[in-house]
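Novice: Below is the structure I would like to discuss, written out as structure tokens.
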Amino acid sequence: MTRKTLFFILAASFALTACGGSSARVKSERKKVKGDRTMVSHSDGVEPIWIQECPANTEYTLVFCGESHEKPSQKSAYTEAQADALGKLGRFVGQKIDAKLAPDGKGGYNFQIEAEGDSNVTIRGAWEGERWCEEYDGPGGRTHDCYVMVTYPKFEYDRLVGTARKVARQRIQKARDLFGQAKDLASKGKHQQALTLLQRAKELLSKLRQPQVIDGQSSEVMAEQIMADLKQEQQAAKEILSTALVVVGLTVDGKLQTRGRLWSAIRNKVQKWVVDSGLKIRPGGIPTGQVKAILSGDDGAAAKAATDKGAGMLLVLDLKCNFSSELDGAFYSYAEGGLRLIRTADGREIFTAELPSTKGGHISKNKANKKAIDNLLNERVKPAVKSAVGKISVSS
């Protein structure tokens with residue numbers, strides 16, 4: 001909702017209760033003419049001078065005049081004139097203060113300033129000083145012109161400015177705290193979290209109507225620093241989201257392996273498929289205890305492993321291979337497992353796939369295991385990796 005629309009609504013709500021008091025009209029004894037319209041009646045009393053020129057502000061009072069012309073009814077003319085006057089008051093205040101004007105329920109208006117912690121500070125009190133309406137007859141029928149003068153005590157305006165400065169200082173202090181926290185998170189490689197705090201700090205400073213200095217630090221300079229860090233963290237976060245850490249758990253005949261020639265060959269192959277699918281990878285292994293925790297579904301361990309490596313994605317491959325049987329000198333094994341792709345920022349699994357049992361045979365028992373694993377990798381894991389990486393752009 002625009003500020004202009006808000007003032008119109010406020011004036012309309014006031015008109016419903018107050019317009020009845022302004023409806024007293026007297027027949028015009030003089031023929032006041034505006035173009036092809038002739039005045040036939042006006043508000044009770046003598047035409048005020050202020051409708052020609054709005055009075056100047058004084059050291060005690062701020063004055064704002066509004067008007068509307070050629071409206072079909074006195075009510076609509078009065079409402080628009082009231083909105084015009086309130087709009088001028090709001091724009092005057094809005095040059096220095098981010099405040100909203102709201103009816104006080106007693107025929108006047110208060111300013112509300114949004115403070116930190118989802119609370120509002122209310123400063124009273126603008127009042128309608130005078131109003132004047134005229135009715136005209138013309139080619140298009142009866143039309144109405146209205147004028148409204150709104151006054152606002154200077155000492156209330158000064159209170160409003162003082163309160164706004166206090167709220168602004170609170171915002172700057174909060175923005176400074178968030179900025180410091182973001183810098184700390186960024187130094188630890190937690191760029192997505194840092195980015196969130198920097199955006200909050202930017203929003204707080206954007207609410208300031210005028211620059212301020214707190215403890216020798218300018219809000220303008222702080223805003224520039226935050227914007228610079230925002231760009232840097234956005235780039236870092238983007239880089240992280242396109243980087244994956246591959247974790248492989250290989251259980252052969254009931255024994256978990258996180259090292260060894262076969263395990264390394266599997267991880268290297270999967271990492272190549274990840275790179276071929278468009279992601280970067282983070283090299284290096286992680287401790288066996290951490291691998292066990294991740295394979296068991298520990299989200300905290302998964303997030304820590306990826307964050308420590310600076311990866312925005314965690315690809316977890318859990319393989320199990322078991323010797324099955326021997327027949328006519330040939331050994332047979334079966335491999336199966338599961339694959340998960342986890343987004344580090346929120347721990348969400350954006351892709352999961354079950355890897356059905358795949359058979360492998362060889363005249364050597366050990367090589368039968370390897371054959372089953374190779375068949376599973378080529379037939380199931382490779383297409384699953386491609387599908388998983390393809391989900392990243394859709395989910396982000």
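Identifiers in the structure tokens: chain A, B, ... in order shown; residue index from 1 per chain; ligand index from 1 in order shown.
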Would you list the contacts of His144 (chain A) as a PDB file with N, CA and C atoms, in the first residue's frame, taking every protein, DNA or RNA residue within 6 Å and counting only C-alpha atoms, but skipping same-chain residues closer than 2 positions in sequence?

Specialist:
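Here's the written file selection.pdb:
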```
ATOM      1  N   GLU A  70     -14.260  19.978  -7.495  1.00  0.00           N
ATOM      2  CA  GLU A  70     -15.203  19.390  -8.460  1.00  0.00           C
ATOM      3  C   GLU A  70     -15.511  17.921  -8.157  1.00  0.00           C
ATOM      4  N   LYS A  71     -15.796  17.645  -6.898  1.00  0.00           N
ATOM      5  CA  LYS A  71     -16.167  16.294  -6.499  1.00  0.00           C
ATOM      6  C   LYS A  71     -17.694  16.160  -6.485  1.00  0.00           C
ATOM      7  N   SER A  73     -19.716  14.856  -4.364  1.00  0.00           N
ATOM      8  CA  SER A  73     -20.390  15.031  -3.071  1.00  0.00           C
ATOM      9  C   SER A  73     -19.477  15.763  -2.112  1.00  0.00           C
ATOM     10  N   GLN A  74     -20.095  16.385  -1.102  1.00  0.00           N
ATOM     11  CA  GLN A  74     -19.287  17.074  -0.102  1.00  0.00           C
ATOM     12  C   GLN A  74     -18.423  16.077   0.661  1.00  0.00           C
ATOM     13  N   GLU A 134     -17.523  24.219  -0.286  1.00  0.00           N
ATOM     14  CA  GLU A 134     -18.375  25.018  -1.170  1.00  0.00           C
ATOM     15  C   GLU A 134     -19.089  24.122  -2.166  1.00  0.00           C
ATOM     16  N   GLU A 135     -20.315  24.484  -2.474  1.00  0.00           N
ATOM     17  CA  GLU A 135     -21.106  23.732  -3.457  1.00  0.00           C
ATOM     18  C   GLU A 135     -21.337  24.624  -4.676  1.00  0.00           C
TER      19      GLU A 135
END
```

Novice: Counting only C-alpha atoms, which residues in region 133-248 of chain A sit no more than 7 Å from region 90-104 of chain A? For each one, give the nearest pair of atoms and the distance in Å, sorted by chain then residue number, as a Markdown table.

Specialist:
```
| residue | atom | partner | partner_atom | distance |
| --- | --- | --- | --- | --- |
| A:Val161 | CA | A:Ile97 | CA | 6.9 |
| A:Ala164 | CA | A:Ile97 | CA | 6.3 |
| A:Lys207 | CA | A:Asp98 | CA | 6.8 |
| A:Arg209 | CA | A:Lys96 | CA | 5.1 |
| A:Gln210 | CA | A:Lys96 | CA | 6.2 |
```

Novice: Using CA of Gly254 (chain A) and CA of Ala353 (chain A) as the two end points, give the distance in Å to one decimal.

Specialist: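 These atoms are spaced 21.7 Å apart.
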
Novice: If we count only C-alpha atoms, what is near Gly360 (chain A) at a cut-off of 6 Å, once residues fewer than 5 positions away on the same chain are taken out, given as an mmCIF file with C-alpha atoms, in the first residue's frame?

Specialist:
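Final output, saved to selection.cif:
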```
data_model
loop_
_atom_site.group_PDB
_atom_site.id
_atom_site.type_symbol
_atom_site.label_atom_id
_atom_site.label_comp_id
_atom_site.auth_asym_id
_atom_site.auth_seq_id
_atom_site.Cartn_x
_atom_site.Cartn_y
_atom_site.Cartn_z
ATOM 1 C CA TYR A 332 28.980 -64.701 -6.643
ATOM 2 C CA SER A 333 28.396 -61.525 -4.636
ATOM 3 C CA ALA A 368 33.467 -61.243 -7.142
ATOM 4 C CA LYS A 371 32.638 -57.047 -9.761
ATOM 5 C CA ALA A 372 29.328 -56.654 -7.950
#
```

Novice: For region 230-245 of chain A, list every protein, DNA or RNA residue within 7 Å, evaluated using only C-alpha atoms, and leave out those in the same chain fewer than 3 positions away; present the list as a list in words.

Specialist: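 Returned residues: His191, Gln192, Leu195, Leu198, Ile226, Met227, Leu279, Lys280, Ile281, Arg282, Ala306, Gly310, Ala311, Gly312, Met313, Leu314 and Leu315 of chain A.
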
Novice: Could you give me, as a VMD selection string, each residue of region 133-282 of chain A that DSSP assigns to alpha helix (DSSP H) when run on this structure's backbone?

Specialist: chain A and resid 154 to 187 191 to 206 219 to 241 261 to 276

Novice: Which polymer residues have any atom within 12 Å of an atom of Gly390 (chain A), counting only C-alpha atoms, with same-chain residues fewer than 6 positions away left out, as a PDB file with C-alpha atoms, in the first residue's frame?

Specialist:
```
ATOM      1  CA  SER A 242      28.169 -25.432  -6.429  1.00  0.00           C
ATOM      2  CA  VAL A 274      30.033 -35.335  -9.734  1.00  0.00           C
ATOM      3  CA  ASP A 276      31.242 -34.211 -14.952  1.00  0.00           C
ATOM      4  CA  SER A 277      27.708 -33.298 -13.824  1.00  0.00           C
ATOM      5  CA  GLY A 278      28.720 -29.691 -13.159  1.00  0.00           C
ATOM      6  CA  LEU A 279      29.743 -29.471  -9.487  1.00  0.00           C
ATOM      7  CA  LEU A 341      22.385 -35.415  -1.684  1.00  0.00           C
ATOM      8  CA  ILE A 350      17.188 -32.708  -2.078  1.00  0.00           C
ATOM      9  CA  PHE A 351      17.699 -36.134  -3.628  1.00  0.00           C
ATOM     10  CA  PRO A 383      22.793 -42.181 -13.321  1.00  0.00           C
ATOM     11  CA  ALA A 384      21.765 -41.443  -9.710  1.00  0.00           C
ATOM     12  CA  SER A 396      17.575 -23.653  -4.841  1.00  0.00           C
TER      13      SER A 396
END
```

Novice: Ranking A:Gln257, A:Gln217, A:Ser43, A:Thr344 by minimum distance to Lys292 (chain A) and counting only C-alpha atoms, which one comes first?

Specialist: A:Gln257

Novice: For the structure I just gave you, how does DSSP split region 123-345 of chain A - specifically, which residues are strand (DSSP E)? Reply as a ChimeraX atom specification.

Specialist: /A:123-138,141-153,213-214,217-218,243-252,255-257,280-281,313-327,330-343

Novice: Please provide the set of residues having any atom within 9 Å of Pro55 (chain A), restricted to only C-alpha atoms, with same-chain residues fewer than 3 positions apart removed, written as a PyMOL selection string.

Specialist: chain A and resi 50+58+63-65

Novice: Take the residues that were just selected and, keeping N, CA, C and O atoms, output them as a PDB file, in the first residue's frame.

Specialist:
```
ATOM      1  N   TRP A  50      -7.241  31.530   4.859  1.00  0.00           N
ATOM      2  CA  TRP A  50      -6.237  30.469   4.682  1.00  0.00           C
ATOM      3  C   TRP A  50      -6.497  29.558   3.488  1.00  0.00           C
ATOM      4  O   TRP A  50      -5.599  28.833   3.063  1.00  0.00           O
ATOM      5  N   THR A  58       4.876  28.354  12.619  1.00  0.00           N
ATOM      6  CA  THR A  58       5.375  29.210  13.689  1.00  0.00           C
ATOM      7  C   THR A  58       6.288  28.392  14.587  1.00  0.00           C
ATOM      8  O   THR A  58       6.478  27.186  14.376  1.00  0.00           O
ATOM      9  N   VAL A  63       1.684  23.887  10.159  1.00  0.00           N
ATOM     10  CA  VAL A  63       0.374  23.962   9.509  1.00  0.00           C
ATOM     11  C   VAL A  63       0.447  23.355   8.117  1.00  0.00           C
ATOM     12  O   VAL A  63       1.377  23.637   7.347  1.00  0.00           O
ATOM     13  N   PHE A  64      -0.579  22.538   7.774  1.00  0.00           N
ATOM     14  CA  PHE A  64      -0.636  21.883   6.468  1.00  0.00           C
ATOM     15  C   PHE A  64      -2.061  21.986   5.932  1.00  0.00           C
ATOM     16  O   PHE A  64      -3.018  21.625   6.622  1.00  0.00           O
ATOM     17  N   CYS A  65      -2.198  22.502   4.715  1.00  0.00           N
ATOM     18  CA  CYS A  65      -3.513  22.711   4.115  1.00  0.00           C
ATOM     19  C   CYS A  65      -3.704  21.782   2.924  1.00  0.00           C
ATOM     20  O   CYS A  65      -2.790  21.593   2.108  1.00  0.00           O
TER      21      CYS A  65
END
```

Novice: To one decimal place in Å, what is the distance between CA of Ile266 (chain A) and CA of Leu376 (chain A)?

Specialist: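 We find that CA of Ile266 (chain A) and CA of Leu376 (chain A) lie 10.8 Å from each other.
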
Novice: For Ile286 (chain A), which residue out of A:Leu197, A:Lys309, A:Asp299, A:Ser264 is the nearest one, using only C-alpha atoms?

Specialist: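 Comparing A:Leu197, A:Lys309, A:Asp299, A:Ser264 against Ile286 (chain A), the winner is A:Lys309.
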
Novice: Determine the nearest neighbour of Ala115 (chain A) from the options A:Leu208, A:Met222, A:Val385, A:Ala168, counting only C-alpha atoms.

Specialist: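 Smallest separation from Ala115 (chain A) among the options: A:Ala168.
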
Novice: Find the residues near Val33 (chain A): any atom within 12 Å, counting only C-alpha atoms, skip ones fewer than 4 places away on the same chain, and give them as a PDB file with all heavy atoms, in the first residue's frame.

Specialist:
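What landed in part27.pdb:
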```
ATOM      1  N   SER A  28     -25.323  30.751  -0.637  1.00  0.00           N
ATOM      2  CA  SER A  28     -24.393  31.813  -0.988  1.00  0.00           C
ATOM      3  C   SER A  28     -25.150  33.049  -1.453  1.00  0.00           C
ATOM      4  O   SER A  28     -26.020  32.976  -2.320  1.00  0.00           O
ATOM      5  CB  SER A  28     -23.455  31.336  -2.111  1.00  0.00           C
ATOM      6  OG  SER A  28     -22.633  32.388  -2.540  1.00  0.00           O
ATOM      7  N   ARG A  37     -18.649  27.334 -13.381  1.00  0.00           N
ATOM      8  CA  ARG A  37     -19.413  26.924 -12.201  1.00  0.00           C
ATOM      9  C   ARG A  37     -19.712  28.141 -11.327  1.00  0.00           C
ATOM     10  O   ARG A  37     -18.872  29.027 -11.170  1.00  0.00           O
ATOM     11  CB  ARG A  37     -18.618  25.894 -11.375  1.00  0.00           C
ATOM     12  CG  ARG A  37     -18.308  24.587 -12.112  1.00  0.00           C
ATOM     13  CD  ARG A  37     -17.668  23.581 -11.156  1.00  0.00           C
ATOM     14  NE  ARG A  37     -16.465  24.112 -10.523  1.00  0.00           N
ATOM     15  CZ  ARG A  37     -16.069  23.805  -9.284  1.00  0.00           C
ATOM     16  NH1 ARG A  37     -16.799  22.965  -8.545  1.00  0.00           N
ATOM     17  NH2 ARG A  37     -14.965  24.325  -8.791  1.00  0.00           N
ATOM     18  N   THR A  38     -20.884  28.142 -10.730  1.00  0.00           N
ATOM     19  CA  THR A  38     -21.298  29.235  -9.846  1.00  0.00           C
ATOM     20  C   THR A  38     -21.628  28.677  -8.465  1.00  0.00           C
ATOM     21  O   THR A  38     -22.372  27.689  -8.339  1.00  0.00           O
ATOM     22  CB  THR A  38     -22.535  29.949 -10.413  1.00  0.00           C
ATOM     23  OG1 THR A  38     -22.237  30.454 -11.713  1.00  0.00           O
ATOM     24  CG2 THR A  38     -22.936  31.111  -9.502  1.00  0.00           C
ATOM     25  N   MET A  39     -21.039  29.261  -7.413  1.00  0.00           N
ATOM     26  CA  MET A  39     -21.265  28.775  -6.058  1.00  0.00           C
ATOM     27  C   MET A  39     -22.710  29.039  -5.625  1.00  0.00           C
ATOM     28  O   MET A  39     -23.233  30.147  -5.806  1.00  0.00           O
ATOM     29  CB  MET A  39     -20.301  29.442  -5.089  1.00  0.00           C
ATOM     30  CG  MET A  39     -20.376  28.879  -3.665  1.00  0.00           C
ATOM     31  SD  MET A  39     -19.035  29.464  -2.595  1.00  0.00           S
ATOM     32  CE  MET A  39     -19.424  31.222  -2.491  1.00  0.00           C
ATOM     33  N   VAL A  40     -23.329  28.006  -5.045  1.00  0.00           N
ATOM     34  CA  VAL A  40     -24.709  28.137  -4.577  1.00  0.00           C
ATOM     35  C   VAL A  40     -24.816  28.029  -3.057  1.00  0.00           C
ATOM     36  O   VAL A  40     -25.814  28.443  -2.475  1.00  0.00           O
ATOM     37  CB  VAL A  40     -25.617  27.077  -5.250  1.00  0.00           C
ATOM     38  CG1 VAL A  40     -25.704  27.311  -6.741  1.00  0.00           C
ATOM     39  CG2 VAL A  40     -25.117  25.660  -4.951  1.00  0.00           C
ATOM     40  N   SER A  41     -23.808  27.423  -2.387  1.00  0.00           N
ATOM     41  CA  SER A  41     -23.809  27.348  -0.927  1.00  0.00           C
ATOM     42  C   SER A  41     -22.394  27.082  -0.439  1.00  0.00           C
ATOM     43  O   SER A  41     -21.513  26.691  -1.213  1.00  0.00           O
ATOM     44  CB  SER A  41     -24.755  26.246  -0.434  1.00  0.00           C
ATOM     45  OG  SER A  41     -24.281  24.972  -0.814  1.00  0.00           O
ATOM     46  N   GLU A 134     -17.523  24.219  -0.286  1.00  0.00           N
ATOM     47  CA  GLU A 134     -18.375  25.018  -1.170  1.00  0.00           C
ATOM     48  C   GLU A 134     -19.089  24.122  -2.166  1.00  0.00           C
ATOM     49  O   GLU A 134     -18.514  23.119  -2.630  1.00  0.00           O
ATOM     50  CB  GLU A 134     -17.526  26.054  -1.931  1.00  0.00           C
ATOM     51  CG  GLU A 134     -16.805  27.026  -1.024  1.00  0.00           C
ATOM     52  CD  GLU A 134     -15.821  27.913  -1.761  1.00  0.00           C
ATOM     53  OE1 GLU A 134     -15.427  27.551  -2.896  1.00  0.00           O
ATOM     54  OE2 GLU A 134     -15.438  28.964  -1.207  1.00  0.00           O
ATOM     55  N   GLU A 135     -20.315  24.484  -2.474  1.00  0.00           N
ATOM     56  CA  GLU A 135     -21.106  23.732  -3.457  1.00  0.00           C
ATOM     57  C   GLU A 135     -21.337  24.624  -4.676  1.00  0.00           C
ATOM     58  O   GLU A 135     -21.680  25.804  -4.538  1.00  0.00           O
ATOM     59  CB  GLU A 135     -22.439  23.296  -2.867  1.00  0.00           C
ATOM     60  CG  GLU A 135     -23.262  22.451  -3.829  1.00  0.00           C
ATOM     61  CD  GLU A 135     -24.570  21.975  -3.218  1.00  0.00           C
ATOM     62  OE1 GLU A 135     -24.900  22.441  -2.088  1.00  0.00           O
ATOM     63  OE2 GLU A 135     -25.265  21.164  -3.838  1.00  0.00           O
ATOM     64  N   TYR A 136     -21.143  24.045  -5.860  1.00  0.00           N
ATOM     65  CA  TYR A 136     -21.268  24.809  -7.104  1.00  0.00           C
ATOM     66  C   TYR A 136     -22.293  24.155  -8.027  1.00  0.00           C
ATOM     67  O   TYR A 136     -22.516  22.929  -7.988  1.00  0.00           O
ATOM     68  CB  TYR A 136     -19.916  24.867  -7.838  1.00  0.00           C
ATOM     69  CG  TYR A 136     -18.914  25.770  -7.179  1.00  0.00           C
ATOM     70  CD1 TYR A 136     -18.135  25.314  -6.116  1.00  0.00           C
ATOM     71  CD2 TYR A 136     -18.746  27.080  -7.608  1.00  0.00           C
ATOM     72  CE1 TYR A 136     -17.200  26.144  -5.499  1.00  0.00           C
ATOM     73  CE2 TYR A 136     -17.809  27.926  -7.003  1.00  0.00           C
ATOM     74  CZ  TYR A 136     -17.053  27.453  -5.954  1.00  0.00           C
ATOM     75  OH  TYR A 136     -16.140  28.277  -5.347  1.00  0.00           O
ATOM     76  N   ASP A 137     -22.855  25.001  -8.872  1.00  0.00           N
ATOM     77  CA  ASP A 137     -23.752  24.532  -9.929  1.00  0.00           C
ATOM     78  C   ASP A 137     -23.068  24.818 -11.259  1.00  0.00           C
ATOM     79  O   ASP A 137     -22.493  25.903 -11.457  1.00  0.00           O
ATOM     80  CB  ASP A 137     -25.098  25.262  -9.854  1.00  0.00           C
ATOM     81  CG  ASP A 137     -26.163  24.571 -10.700  1.00  0.00           C
ATOM     82  OD1 ASP A 137     -25.917  23.425 -11.121  1.00  0.00           O
ATOM     83  OD2 ASP A 137     -27.222  25.181 -10.946  1.00  0.00           O
ATOM     84  N   GLY A 138     -23.117  23.834 -12.157  1.00  0.00           N
ATOM     85  CA  GLY A 138     -22.468  24.014 -13.443  1.00  0.00           C
ATOM     86  C   GLY A 138     -23.050  23.096 -14.485  1.00  0.00           C
ATOM     87  O   GLY A 138     -24.041  22.388 -14.231  1.00  0.00           O
TER      88      GLY A 138
END
```

Novice: Could you please determine the separation between CA of Ala301 (chain A) and CA of Asn322 (chain A) in Å, to one decimal place?

Specialist: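 Computed distance, CA of Ala301 (chain A) to CA of Asn322 (chain A), equals 27.2 Å.
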